[in-house]
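Novice: So that you have it, the file is work24.tsv, and it contains TSV, C-alpha atoms:
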chain	number	residue	atom	x	y	z
A	488	MET	CA	-13.21	9.25	17.59
A	489	LYS	CA	-14.03	5.65	18.46
A	490	GLU	CA	-12.34	4.24	15.37
A	491	ILE	CA	-9.01	5.56	16.73
A	492	LYS	CA	-9.45	5.05	20.46
A	493	SER	CA	-10.85	1.54	20.08
A	494	TYR	CA	-8.52	0.32	17.33
A	495	ASN	CA	-6.76	-2.30	19.46
A	496	ASN	CA	-10.14	-3.72	20.42
A	497	TYR	CA	-11.25	-4.40	16.87
A	498	LYS	CA	-7.88	-4.99	15.20
A	499	VAL	CA	-7.71	-8.53	13.77
A	500	LYS	CA	-4.67	-9.79	15.63
A	501	THR	CA	-4.46	-13.11	13.80
A	502	LEU	CA	-3.33	-11.20	10.70
A	503	PHE	CA	0.14	-9.74	11.03
A	504	GLY	CA	3.39	-9.30	9.13
A	505	ARG	CA	3.92	-8.92	5.42
A	506	TYR	CA	3.33	-12.48	4.25
A	507	ILE	CA	-0.45	-12.71	3.82
A	508	THR	CA	-1.84	-15.56	1.72
A	509	ASN	CA	-5.11	-17.44	1.29
A	510	ASN	CA	-4.10	-19.57	4.27
A	511	SER	CA	-3.93	-16.40	6.37
A	512	ILE	CA	-7.52	-15.35	5.70
A	513	GLU	CA	-9.52	-18.55	5.18
A	514	LYS	CA	-10.48	-18.91	8.86
A	515	LEU	CA	-11.56	-15.26	8.95
A	516	LEU	CA	-13.70	-15.67	5.86
A	517	GLU	CA	-15.89	-18.15	7.72
A	518	GLU	CA	-17.21	-15.24	9.79
A	519	TYR	CA	-18.71	-13.64	6.67
A	520	ASP	CA	-20.86	-14.39	3.65
A	521	PHE	CA	-18.17	-15.57	1.24
A	522	ASN	CA	-17.82	-17.64	-1.87
A	523	ILE	CA	-15.22	-18.67	-4.44
A	524	LEU	CA	-15.31	-16.35	-7.45
A	525	GLY	CA	-12.99	-18.53	-9.50
A	526	PHE	CA	-9.41	-19.71	-9.63
A	527	SER	CA	-5.96	-18.35	-10.31
A	528	VAL	CA	-3.46	-19.52	-12.92
A	529	LYS	CA	-2.24	-22.16	-10.44
A	530	ASN	CA	-5.79	-23.09	-9.50
A	531	LEU	CA	-5.86	-21.36	-6.12
A	532	PRO	CA	-9.30	-20.08	-5.07
A	533	ILE	CA	-10.03	-16.39	-5.39
A	534	TYR	CA	-12.46	-15.50	-2.62
A	535	SER	CA	-15.16	-12.88	-2.50
A	536	LEU	CA	-17.22	-11.77	0.46
A	537	SER	CA	-20.39	-9.72	0.69
A	538	TYR	CA	-21.16	-7.43	3.59
A	539	GLY	CA	-23.87	-4.96	4.49
A	540	LEU	CA	-27.59	-4.51	4.01
A	541	GLY	CA	-27.72	-1.17	2.23
A	542	ASP	CA	-28.16	0.11	-1.30
A	543	VAL	CA	-24.81	1.88	-1.85
A	544	LYS	CA	-22.60	-0.69	-3.56
A	545	ILE	CA	-18.80	-0.54	-3.14
A	546	LEU	CA	-16.45	-2.97	-4.87
A	547	ILE	CA	-13.11	-3.39	-3.05
A	548	TRP	CA	-10.11	-5.50	-4.00
A	549	SER	CA	-6.69	-5.98	-2.43
A	550	GLN	CA	-3.45	-7.79	-3.27
A	551	MET	CA	-3.82	-7.35	-7.00
A	552	HIS	CA	-0.07	-7.25	-6.52
A	553	GLY	CA	0.67	-10.32	-4.43
A	554	ASN	CA	3.40	-8.72	-2.33
A	555	GLU	CA	1.23	-5.74	-1.32
A	556	SER	CA	-0.52	-7.12	1.73
A	557	THR	CA	-1.02	-4.19	4.11
A	558	SER	CA	-4.48	-3.33	2.85
A	559	THR	CA	-5.65	-6.92	3.20
A	560	LYS	CA	-4.94	-6.68	6.91
A	561	ALA	CA	-6.64	-3.28	7.00
A	562	LEU	CA	-9.70	-4.65	5.19
A	563	PHE	CA	-10.35	-7.21	7.90
A	564	ASP	CA	-9.78	-4.57	10.58
A	565	PHE	CA	-12.34	-2.44	8.74
A	566	LEU	CA	-14.88	-5.27	8.69
A	567	SER	CA	-14.24	-5.92	12.38
A	568	TYR	CA	-14.89	-2.23	13.07
A	569	LEU	CA	-18.18	-2.35	11.17
A	570	GLU	CA	-19.26	-5.40	13.17
A	571	SER	CA	-18.47	-3.73	16.50
A	572	TYR	CA	-19.19	-0.06	15.91
A	573	GLY	CA	-20.64	0.43	12.44
A	574	LYS	CA	-24.20	-0.82	12.62
A	575	GLU	CA	-25.57	2.30	10.90
A	576	LEU	CA	-22.98	2.07	8.13
A	577	LYS	CA	-23.76	-1.61	7.69
A	578	SER	CA	-27.42	-0.76	7.17
A	579	ARG	CA	-26.65	1.73	4.38
A	580	ILE	CA	-23.85	0.11	2.35
A	581	HIS	CA	-23.21	-3.13	0.56
A	582	LEU	CA	-19.61	-4.23	0.10
A	583	LYS	CA	-18.29	-6.74	-2.39
A	584	ILE	CA	-14.72	-7.52	-1.34
A	585	ILE	CA	-11.97	-9.55	-2.99
A	586	PRO	CA	-9.36	-9.77	-0.21
A	587	ILE	CA	-6.64	-11.39	-2.36
A	588	LEU	CA	-7.10	-11.04	-6.11
A	589	ASN	CA	-3.68	-12.55	-6.88
A	590	PRO	CA	-3.31	-15.59	-4.58
A	591	ASP	CA	-0.44	-17.04	-6.65
A	592	GLY	CA	1.52	-13.82	-6.29
A	593	ALA	CA	0.65	-13.67	-2.60
A	594	LYS	CA	1.95	-17.20	-2.04
A	595	ALA	CA	5.18	-16.55	-3.98
A	596	TYR	CA	5.41	-12.97	-2.65
A	597	THR	CA	5.65	-11.45	-6.10
A	598	ARG	CA	4.03	-8.41	-7.68
A	599	GLU	CA	2.95	-10.34	-10.78
A	600	ASN	CA	0.77	-13.43	-11.12
A	601	SER	CA	2.13	-16.86	-12.05
A	602	ASN	CA	2.36	-15.90	-15.72
A	603	ASN	CA	4.56	-12.92	-14.74
A	604	ILE	CA	1.80	-10.50	-15.71
A	605	ASP	CA	1.12	-7.34	-13.74
A	606	LEU	CA	-2.64	-7.54	-13.27
A	607	ASN	CA	-2.78	-3.76	-12.96
A	608	ARG	CA	-1.61	-3.48	-16.55
A	609	ASP	CA	-4.09	-6.03	-17.88
A	610	ALA	CA	-7.36	-4.08	-17.73
A	611	VAL	CA	-7.67	-3.83	-21.52
A	612	ASP	CA	-6.26	-7.16	-22.67
A	613	LEU	CA	-7.86	-9.18	-19.86
A	614	SER	CA	-5.37	-11.91	-20.67
A	615	GLN	CA	-5.32	-13.45	-17.18
A	616	PRO	CA	-8.00	-15.38	-15.26
A	617	GLU	CA	-7.63	-13.03	-12.28
A	618	SER	CA	-8.19	-9.96	-14.48
A	619	LYS	CA	-11.24	-11.54	-16.08
A	620	LEU	CA	-12.74	-12.37	-12.69
A	621	LEU	CA	-12.37	-8.78	-11.49
A	622	ARG	CA	-13.91	-7.41	-14.68
A	623	ASN	CA	-16.76	-9.92	-14.53
A	624	ILE	CA	-17.66	-9.03	-10.96
A	625	TYR	CA	-17.45	-5.34	-11.84
A	626	ASP	CA	-19.88	-5.84	-14.75
A	627	GLU	CA	-22.27	-8.01	-12.73
A	628	TYR	CA	-22.21	-6.01	-9.50
A	629	ASN	CA	-22.38	-2.57	-11.16
A	630	PRO	CA	-20.84	-0.77	-8.16
A	631	ASP	CA	-21.45	2.81	-7.17
A	632	PHE	CA	-17.79	3.12	-6.07
A	633	CYS	CA	-14.57	1.13	-6.43
A	634	PHE	CA	-11.68	1.00	-3.93
A	635	ASN	CA	-8.39	-0.24	-5.41
A	636	LEU	CA	-6.00	-1.12	-2.56
A	637	HIS	CA	-2.20	-1.23	-2.90
A	638	ASP	CA	1.13	-0.73	-1.09
A	639	GLN	CA	3.71	1.82	-2.15
A	640	ARG	CA	7.46	1.56	-1.75
A	641	THR	CA	9.54	3.13	1.02
A	642	ILE	CA	11.04	5.66	-1.44
A	643	TYR	CA	7.96	7.90	-1.44
A	644	SER	CA	8.17	11.19	0.40
A	645	LEU	CA	6.39	14.51	0.77
A	646	ASN	CA	7.54	17.96	1.82
A	647	ASN	CA	10.67	18.17	4.00
A	648	PHE	CA	11.42	14.50	3.33
A	649	ASN	CA	8.39	13.43	5.37
A	650	SER	CA	7.42	9.85	4.66
A	651	SER	CA	4.32	9.30	2.54
A	652	VAL	CA	2.49	7.02	4.96
A	653	ILE	CA	-0.67	6.84	2.88
A	654	SER	CA	-1.51	8.16	-0.59
A	655	PHE	CA	-4.69	8.54	-2.56
A	656	LEU	CA	-5.58	8.97	-6.21
A	657	SER	CA	-8.66	9.75	-8.18
A	658	PRO	CA	-7.50	8.05	-11.40
A	659	SER	CA	-7.78	9.93	-14.65
A	660	ALA	CA	-10.47	8.90	-17.09
A	661	ASP	CA	-8.67	10.14	-20.19
A	662	ASP	CA	-5.38	11.54	-21.46
A	663	ILE	CA	-6.25	15.15	-20.62
A	664	LYS	CA	-7.22	14.32	-17.02
A	665	SER	CA	-10.75	15.63	-17.44
A	666	GLU	CA	-12.83	16.36	-14.36
A	667	THR	CA	-15.53	13.87	-15.23
A	668	ASN	CA	-18.47	13.34	-12.88
A	669	SER	CA	-17.03	10.09	-11.59
A	670	ARG	CA	-13.61	11.62	-11.05
A	671	ILE	CA	-15.10	14.57	-9.18
A	672	SER	CA	-17.01	12.15	-6.93
A	673	SER	CA	-13.75	10.33	-6.17
A	674	MET	CA	-12.01	13.63	-5.47
A	675	GLN	CA	-14.75	14.66	-3.05
A	676	VAL	CA	-14.38	11.46	-1.05
A	677	ILE	CA	-10.58	11.70	-1.02
A	678	SER	CA	-10.81	15.35	0.07
A	679	SER	CA	-12.98	14.35	2.99
A	680	VAL	CA	-10.64	11.50	3.96
A	681	PHE	CA	-7.65	13.83	3.68
A	682	GLU	CA	-9.33	16.33	6.00
A	683	LYS	CA	-9.98	13.62	8.60
A	684	MET	CA	-6.61	11.89	8.31
A	685	SER	CA	-4.74	15.20	8.50
A	686	THR	CA	-5.69	15.32	12.17
A	687	VAL	CA	-4.10	11.89	12.64
A	688	ILE	CA	-0.93	12.00	10.51
A	689	PRO	CA	-0.47	15.59	9.33
A	690	GLY	CA	2.30	15.98	6.78
A	691	ASN	CA	2.33	12.29	5.86
A	692	ILE	CA	-0.51	12.09	3.32
A	693	GLY	CA	0.21	12.20	-0.39
A	694	ARG	CA	-1.41	12.23	-3.79
A	695	TYR	CA	-0.34	9.63	-6.33
A	696	SER	CA	0.48	10.42	-9.95
A	697	ASP	CA	-2.62	10.76	-12.13
A	698	ASP	CA	-0.98	10.04	-15.48
A	699	PHE	CA	-3.56	8.18	-17.54
A	700	ASN	CA	-3.05	4.55	-18.53
A	701	LEU	CA	-6.12	2.67	-19.72
A	702	ASN	CA	-4.33	-0.62	-19.00
A	703	CYS	CA	-4.58	0.20	-15.28
A	704	VAL	CA	-7.77	-1.08	-13.69
A	705	GLY	CA	-8.56	2.13	-11.81
A	706	ASP	CA	-8.24	4.23	-14.96
A	707	THR	CA	-10.46	1.82	-16.87
A	708	PHE	CA	-13.21	1.80	-14.24
A	709	GLN	CA	-13.03	5.59	-13.93
A	710	SER	CA	-13.37	5.87	-17.71
A	711	LEU	CA	-16.47	3.69	-17.43
A	712	GLU	CA	-17.92	6.38	-15.14
A	713	THR	CA	-17.59	4.49	-11.87
A	714	PRO	CA	-15.98	6.67	-9.17
A	715	THR	CA	-12.76	4.87	-8.26
A	716	ILE	CA	-10.23	5.56	-5.51
A	717	LEU	CA	-6.70	4.25	-5.25
A	718	PHE	CA	-5.42	3.70	-1.70
A	719	GLU	CA	-1.64	3.31	-1.36
A	720	SER	CA	-0.34	2.15	2.00
A	721	GLY	CA	3.10	3.60	2.66
A	722	HIS	CA	5.89	3.43	5.19
A	723	LEU	CA	6.60	5.09	8.54
A	724	GLU	CA	10.01	5.03	10.18
A	725	GLU	CA	10.91	1.37	10.82
A	726	ASP	CA	7.46	-0.12	10.40
A	727	TYR	CA	8.59	-2.69	7.84
A	728	GLN	CA	5.83	-5.09	8.87
A	729	ARG	CA	3.37	-2.28	8.04
A	730	GLU	CA	1.48	-2.78	11.29
A	731	ILE	CA	1.19	0.99	11.81
A	732	SER	CA	0.29	1.65	8.18
A	733	ARG	CA	-2.54	-0.89	8.28
A	734	LYS	CA	-4.18	1.15	11.02
A	735	TYR	CA	-4.16	4.29	8.89
A	736	VAL	CA	-5.56	2.43	5.88
A	737	CYS	CA	-8.32	1.09	8.10
A	738	PHE	CA	-9.21	4.58	9.33
A	739	SER	CA	-9.17	5.81	5.74
A	740	LEU	CA	-11.61	3.10	4.66
A	741	ILE	CA	-13.96	4.07	7.48
A	742	TYR	CA	-13.75	7.75	6.55
A	743	ALA	CA	-14.17	7.00	2.84
A	744	VAL	CA	-17.39	5.07	3.36
A	745	ASN	CA	-18.72	7.79	5.64
A	746	ALA	CA	-17.81	10.37	3.01
A	747	ILE	CA	-19.65	8.51	0.27
A	748	LEU	CA	-22.78	8.61	2.39
A	749	ASN	CA	-22.48	12.09	3.84
A	750	THR	CA	-19.89	14.39	2.27
A	751	ASN	CA	-20.55	17.64	0.44
A	752	ILE	CA	-16.96	18.94	0.61
A	753	ASP	CA	-15.45	20.97	-2.24
A	754	TYR	CA	-13.66	18.49	-4.48
A	755	LYS	CA	-10.94	21.03	-5.34
A	756	THR	CA	-9.40	20.38	-1.93
A	757	TYR	CA	-8.06	17.27	-3.65
A	758	TYR	CA	-5.50	19.38	-5.52
A	759	GLN	CA	-4.14	20.70	-2.22
A	760	ILE	CA	-2.90	17.25	-1.26
A	761	PRO	CA	0.86	17.26	-1.94
A	762	GLU	CA	2.07	15.02	-4.74
A	763	ASN	CA	4.39	12.15	-3.88
A	764	LYS	CA	8.10	12.56	-4.45
A	765	LYS	CA	10.83	9.92	-4.48
A	766	GLN	CA	13.30	11.25	-1.94
A	767	LEU	CA	13.76	8.48	0.62
A	768	CYS	CA	15.89	5.40	1.07
A	769	ASP	CA	15.79	2.79	3.81
A	770	ILE	CA	19.16	3.69	5.33
A	771	LYS	CA	21.31	6.72	4.60
A	772	ILE	CA	24.85	6.63	5.93
A	773	ILE	CA	26.89	9.84	5.94
A	774	ASN	CA	30.62	10.41	6.41
A	775	ILE	CA	31.55	6.80	5.74
A	776	LYS	CA	35.14	5.99	4.75
A	777	ILE	CA	35.10	4.21	1.38
A	778	LYS	CA	38.16	2.54	-0.13
A	779	LYS	CA	39.38	4.34	-3.23
A	780	ASP	CA	42.49	2.96	-4.97
A	781	SER	CA	45.20	2.83	-2.28
A	782	SER	CA	43.48	5.38	-0.06
A	783	PHE	CA	39.91	6.29	0.93
A	784	GLU	CA	37.35	9.06	0.66
A	785	ARG	CA	34.62	10.28	2.97
A	786	ASN	CA	31.26	9.99	1.26
A	787	ASN	CA	27.59	9.17	1.74
A	788	ILE	CA	25.73	6.04	0.68
A	789	SER	CA	22.13	4.91	0.57
A	790	LEU	CA	20.88	1.39	1.18
A	791	MET	CA	17.57	-0.13	0.09
A	792	TYR	CA	16.06	-3.33	1.40
A	793	LYS	CA	15.32	-6.18	-0.97
A	794	GLU	CA	12.32	-8.15	0.25
A	795	LYS	CA	12.93	-11.90	0.22
A	796	LEU	CA	10.47	-14.63	1.10
A	797	ASN	CA	11.68	-17.11	3.71
A	798	LEU	CA	9.21	-19.85	2.87
A	799	LYS	CA	10.36	-22.15	5.66
A	800	GLU	CA	9.54	-19.57	8.32
A	801	LYS	CA	6.73	-17.98	6.28
A	802	LYS	CA	8.05	-14.49	6.71
A	803	ILE	CA	9.67	-11.74	4.68
A	804	GLU	CA	13.34	-10.95	5.22
A	805	PHE	CA	14.75	-7.52	4.44
A	806	ILE	CA	18.17	-7.72	2.79
A	807	PRO	CA	20.08	-4.40	2.59
A	808	GLU	CA	21.66	-3.58	-0.78
A	809	LEU	CA	23.77	-0.64	-1.90
A	810	SER	CA	21.69	1.86	-3.86
A	811	GLN	CA	23.65	5.11	-4.40
A	812	ILE	CA	26.96	6.77	-3.52
A	813	GLY	CA	27.57	10.53	-3.44
A	814	GLU	CA	26.48	13.70	-1.70
A	815	LEU	CA	22.85	12.53	-1.88
A	816	ASN	CA	21.52	15.96	-0.88
A	817	ASP	CA	18.18	15.19	-2.47
A	818	ILE	CA	17.71	11.94	-0.53
A	819	ASN	CA	17.06	11.27	3.14
A	820	GLY	CA	16.83	7.98	4.98
A	821	HIS	CA	14.12	6.42	7.08
A	822	LEU	CA	17.18	5.70	9.18
A	823	LEU	CA	20.05	8.23	9.09
A	824	VAL	CA	23.41	7.14	10.55
A	825	ASP	CA	26.60	9.19	10.86
A	826	PHE	CA	29.88	7.23	10.52
A	827	LEU	CA	32.07	10.26	11.29
A	828	ASN	CA	33.62	8.56	14.33
A	829	ILE	CA	34.09	5.20	12.58
A	830	ASP	CA	37.72	4.86	11.45
A	831	LYS	CA	37.25	1.67	9.47
A	832	ILE	CA	37.60	1.88	5.68
A	833	PHE	CA	34.92	-0.06	3.80
A	834	ASN	CA	35.56	-1.74	0.46
A	835	LEU	CA	32.17	-1.61	-1.25
A	836	SER	CA	33.27	-4.11	-3.90
A	837	THR	CA	33.61	-6.84	-1.26
A	838	PRO	CA	30.53	-9.10	-1.12
A	839	SER	CA	30.38	-9.06	2.68
A	840	CYS	CA	30.85	-5.30	2.98
A	841	ILE	CA	27.17	-4.37	3.36
A	842	ASP	CA	26.71	-6.92	6.15
A	843	GLU	CA	29.71	-5.38	7.90
A	844	ILE	CA	28.29	-1.88	7.48
A	845	ILE	CA	25.00	-3.03	9.00
A	846	ARG	CA	26.87	-4.41	12.01
A	847	TYR	CA	28.35	-0.98	12.58
A	848	VAL	CA	24.96	0.62	12.10
A	849	ASN	CA	23.55	-1.64	14.80
A	850	LYS	CA	26.45	-0.88	17.14
A	851	LEU	CA	25.87	2.84	16.75
A	852	ARG	CA	22.22	2.28	17.57
A	853	ASN	CA	23.09	-0.01	20.52
A	854	ILE	CA	21.43	-3.00	18.88
A	855	HIS	CA	23.19	-6.25	19.69
Would you mind writing the file out in structure tokens?

Specialist:
Amino acid sequence: MKEIKSYNNYKVKTLFGRYITNNSIEKLLEEYDFNILGFSVKNLPIYSLSYGLGDVKILIWSQMHGNESTSTKALFDFLSYLESYGKELKSRIHLKIIPILNPDGAKAYTRENSNNIDLNRDAVDLSQPESKLLRNIYDEYNPDFCFNLHDQRTIYSLNNFNSSVISFLSPSADDIKSETNSRISSMQVISSVFEKMSTVIPGNIGRYSDDFNLNCVGDTFQSLETPTILFESGHLEEDYQREISRKYVCFSLIYAVNAILNTNIDYKTYYQIPENKKQLCDIKIINIKIKKDSSFERNNISLMYKEKLNLKEKKIEFIPELSQIGELNDINGHLLVDFLNIDKIFNLSTPSCIDEIIRYVNKLRNIH
């Protein structure tokens, strides 16, 4: 499988980390047929690139949520793969790609655009310039397929608390989740991708919720009878820069395009993909001594990282915050740490307490 064995050869190494903006991709765009579709609320360019010589048209967009950048990295890896190894694919497909639909959100590292609007809840109102641009290109291009690329949070799990490293969804086209022709086509492609990716990351592939919401772009396009697939890049262990996840998204894009051209798999395999659960935290600490009145109690806590943009260094910092206290039997951690042999009593109401807990976590892990 050359896409796996050769990944480091075609990976775009100039794109890395979580903070991906227009500045990150503009040099790369020069290698392709690109143009400016229009402009964001704050007048930043929204780029589009065209690729391929074939008749099968696929519309792809990423960073509709500005702080969901993994798939943007994966997209350029995918294009690099096609240039190096995908000559036959290139001859049969035509891609229209919007690498960063929400450049204001990408620059500020926010989910919403500069008007604090979630573009993935604006498919009906089309109140924002970014939403209008996406709808316009959809109407003009008339794609055969749509790929809607996102990141999902670290909380998502599958069976046995396995991390949901990548998830897929064939969005519903109506309230009763009908198996329309377009939805079946999406399910077939996802089923094929699932079959391929299960040999790479078995037990780490999930299915996203298919509750219908016409305000979501994928649901709208599916209701307009265009097969649409949601890709959700997830989290694996301590890959907070999502450099491992990007690889799996890239492979999934390759397999999805191949499936569109070649698959005849039974679409009902789609329903065998396990649904995502919310059973994970970033750090779970067990047997920690917590101050209680004049004494203490042994308990468990969970910590979640808050993502904060360090604009000076142009990187994302991960700030641990207390999430839950209790037995937490229904939650596991990407990192699990036992404080049984730590005698210190922690006062969780003290502002510096979490920083102190993290220092102990690092000591237990021999990180200095």

Novice: Between A:Lys583, A:Lys802, A:His722, A:Lys795, which residue has the minimum interatomic distance to A:Tyr534, considering all atoms listed in the file?

Specialist: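 Counting all atoms listed in the file, the residue closest to A:Tyr534 is A:Lys583.
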
Novice: Give the answer as one residue: which of A:Ala610, A:Met791, A:Val543, A:Leu621 has the shortest atom-to-atom distance to A:Asn702, using only C-alpha atoms?

Specialist: A:Ala610

Novice: Need to verify the contact set: stretch 764-773 of chain A, 6 Å, all atoms listed in the file, exclusion of same-chain residues closer than 2 positions in sequence. Can you return it as a PyMOL selection string?

Specialist: chain A and resi 642-645+775+787-791+818-825

Novice: Keeping only C-alpha atoms, take the residues you just selected and write them out as a short mmCIF file (atom, residue, chain, number, x, y, z; two decimals), in the frame of the given file.

Specialist:
data_model
loop_
_atom_site.label_atom_id
_atom_site.label_comp_id
_atom_site.auth_asym_id
_atom_site.auth_seq_id
_atom_site.Cartn_x
_atom_site.Cartn_y
_atom_site.Cartn_z
CA ILE A 642 11.04 5.66 -1.44
CA TYR A 643 7.96 7.90 -1.44
CA SER A 644 8.17 11.19 0.40
CA LEU A 645 6.39 14.51 0.77
CA ILE A 775 31.55 6.80 5.74
CA ASN A 787 27.59 9.17 1.74
CA ILE A 788 25.73 6.04 0.68
CA SER A 789 22.13 4.91 0.57
CA LEU A 790 20.88 1.39 1.18
CA MET A 791 17.57 -0.13 0.09
CA ILE A 818 17.71 11.94 -0.53
CA ASN A 819 17.06 11.27 3.14
CA GLY A 820 16.83 7.98 4.98
CA HIS A 821 14.12 6.42 7.08
CA LEU A 822 17.18 5.70 9.18
CA LEU A 823 20.05 8.23 9.09
CA VAL A 824 23.41 7.14 10.55
CA ASP A 825 26.60 9.19 10.86
#

Novice: Rounded to one decimal in Å, what is the spacing between atom CA of A:Ile844 and atom CA of A:Phe648?

Specialist: 23.9 Å

Novice: Out of A:Ser511, A:Ser720, A:Asn786, A:Ser673, which residue has the shortest atom-to-atom distance to A:Ala593 when counting all atoms listed in the file?

Specialist: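 That would be A:Ser511, the residue with the smallest distance to A:Ala593.
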
Novice: Find the residues around A:Ser696 up to 9 Å (only C-alpha atoms counted), leave out those fewer than 6 positions away in its own chain, and share them as a list in words.

Specialist: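 Residues near the query, excluding close chain neighbours: Leu656, Pro658, Glu762 and Asn763 of chain A.
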
Novice: Pick out the residues sitting within 9 Å of stretch 599-605 of chain A, and hand them over as a VMD selection string; count only C-alpha atoms, and ignore anything fewer than 2 positions along from it in its own chain.

Specialist: chain A and resid 527 to 529 551 to 554 589 to 593 595 to 597 607 to 609 614 to 615 617

Novice: (-15.1, 13.7, -0.7) in this file's frame - what residues fall within 10 Å of it? Use all atoms listed in the file and give the answer as a PyMOL selection string.

Specialist: chain A and resi 671-682+742-757

Novice: Write a file of the selected residues as a PDB file, in the frame of the given file, keeping C-alpha atoms.

Specialist:
ATOM      1  CA  ILE A 671     -15.100  14.570  -9.180  1.00  0.00           C
ATOM      2  CA  SER A 672     -17.010  12.150  -6.930  1.00  0.00           C
ATOM      3  CA  SER A 673     -13.750  10.330  -6.170  1.00  0.00           C
ATOM      4  CA  MET A 674     -12.010  13.630  -5.470  1.00  0.00           C
ATOM      5  CA  GLN A 675     -14.750  14.660  -3.050  1.00  0.00           C
ATOM      6  CA  VAL A 676     -14.380  11.460  -1.050  1.00  0.00           C
ATOM      7  CA  ILE A 677     -10.580  11.700  -1.020  1.00  0.00           C
ATOM      8  CA  SER A 678     -10.810  15.350   0.070  1.00  0.00           C
ATOM      9  CA  SER A 679     -12.980  14.350   2.990  1.00  0.00           C
ATOM     10  CA  VAL A 680     -10.640  11.500   3.960  1.00  0.00           C
ATOM     11  CA  PHE A 681      -7.650  13.830   3.680  1.00  0.00           C
ATOM     12  CA  GLU A 682      -9.330  16.330   6.000  1.00  0.00           C
ATOM     13  CA  TYR A 742     -13.750   7.750   6.550  1.00  0.00           C
ATOM     14  CA  ALA A 743     -14.170   7.000   2.840  1.00  0.00           C
ATOM     15  CA  VAL A 744     -17.390   5.070   3.360  1.00  0.00           C
ATOM     16  CA  ASN A 745     -18.720   7.790   5.640  1.00  0.00           C
ATOM     17  CA  ALA A 746     -17.810  10.370   3.010  1.00  0.00           C
ATOM     18  CA  ILE A 747     -19.650   8.510   0.270  1.00  0.00           C
ATOM     19  CA  LEU A 748     -22.780   8.610   2.390  1.00  0.00           C
ATOM     20  CA  ASN A 749     -22.480  12.090   3.840  1.00  0.00           C
ATOM     21  CA  THR A 750     -19.890  14.390   2.270  1.00  0.00           C
ATOM     22  CA  ASN A 751     -20.550  17.640   0.440  1.00  0.00           C
ATOM     23  CA  ILE A 752     -16.960  18.940   0.610  1.00  0.00           C
ATOM     24  CA  ASP A 753     -15.450  20.970  -2.240  1.00  0.00           C
ATOM     25  CA  TYR A 754     -13.660  18.490  -4.480  1.00  0.00           C
ATOM     26  CA  LYS A 755     -10.940  21.030  -5.340  1.00  0.00           C
ATOM     27  CA  THR A 756      -9.400  20.380  -1.930  1.00  0.00           C
ATOM     28  CA  TYR A 757      -8.060  17.270  -3.650  1.00  0.00           C
TER      29      TYR A 757
END

Novice: Pick out the residues sitting within 12 Å of A:Ser571, and hand them over as an MDAnalysis selection string; count only C-alpha atoms, and ignore anything fewer than 2 positions along from it in its own chain.

Specialist: chainID A and resid 489:490 493:494 496:498 564:569 573:577

Novice: Could you check which of A:Gly721, A:Gly525, A:Gly693, A:Gly813 is closest to A:Gln759, using all atoms listed in the file?

Specialist: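 With all atoms listed in the file as the atom set, the closest residue is A:Gly693.
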
Novice: Compare A:Cys840, A:Ile845, A:Ile653, A:Val704 by their minimum atom-to-atom distance to A:Arg640, counting only C-alpha atoms, and give me the closest one.

Specialist: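 The closest residue to A:Arg640 is A:Ile653.
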
Novice: Using all atoms listed in the file, which residue out of A:Phe655, A:Glu730, A:Glu725, A:Arg579 lies closest to A:Lys560?

Specialist: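 Among the listed residues, A:Glu730 lies closest to A:Lys560.
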
Novice: Do you have the atom CA of A:Tyr792-atom CA of A:Ile806 distance handy?

Specialist: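 Interatomic distance, atom CA of A:Tyr792 to atom CA of A:Ile806: 5.1 Å.
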
Novice: Between atom CA of A:Asn834 and atom CA of A:Arg852, measure the distance and give it in Å to one decimal.

Specialist: 22.1 Å

Novice: Edge lengths and centre in Å to one decimal, as AutoDock Vina command-line options, of the axis-aligned box that encloses all listed atoms of stretch 773-778 of chain A with 4 Å added on every side?

Specialist:
--center_x 32.5 --center_y 6.5 --center_z 3.1 --size_x 19.3 --size_y 15.9 --size_z 14.5

Novice: Quick one: everything within 8 Å of stretch 709-716 of chain A, counting all atoms listed in the file, minus sequence neighbours fewer than 2 positions away in the same chain. Send it as a tab-separated table (two decimals) with C-alpha atoms, in the frame of the given file.

Specialist:
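After the write, result.tsv holds the following:
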chain	number	residue	atom	x	y	z
A	630	PRO	CA	-20.84	-0.77	-8.16
A	631	ASP	CA	-21.45	2.81	-7.17
A	632	PHE	CA	-17.79	3.12	-6.07
A	633	CYS	CA	-14.57	1.13	-6.43
A	634	PHE	CA	-11.68	1.00	-3.93
A	635	ASN	CA	-8.39	-0.24	-5.41
A	655	PHE	CA	-4.69	8.54	-2.56
A	656	LEU	CA	-5.58	8.97	-6.21
A	657	SER	CA	-8.66	9.75	-8.18
A	658	PRO	CA	-7.50	8.05	-11.40
A	659	SER	CA	-7.78	9.93	-14.65
A	660	ALA	CA	-10.47	8.90	-17.09
A	661	ASP	CA	-8.67	10.14	-20.19
A	667	THR	CA	-15.53	13.87	-15.23
A	668	ASN	CA	-18.47	13.34	-12.88
A	669	SER	CA	-17.03	10.09	-11.59
A	670	ARG	CA	-13.61	11.62	-11.05
A	671	ILE	CA	-15.10	14.57	-9.18
A	672	SER	CA	-17.01	12.15	-6.93
A	673	SER	CA	-13.75	10.33	-6.17
A	677	ILE	CA	-10.58	11.70	-1.02
A	705	GLY	CA	-8.56	2.13	-11.81
A	706	ASP	CA	-8.24	4.23	-14.96
A	707	THR	CA	-10.46	1.82	-16.87
A	718	PHE	CA	-5.42	3.70	-1.70

Novice: Counting all atoms listed in the file, which residues come within 6 Å of (-16.2, -3.1, -1.8), with the point read in the file's coordinates, and could you list them as a VMD selection string?

Specialist: chain A and resid 545 to 547 582 to 584
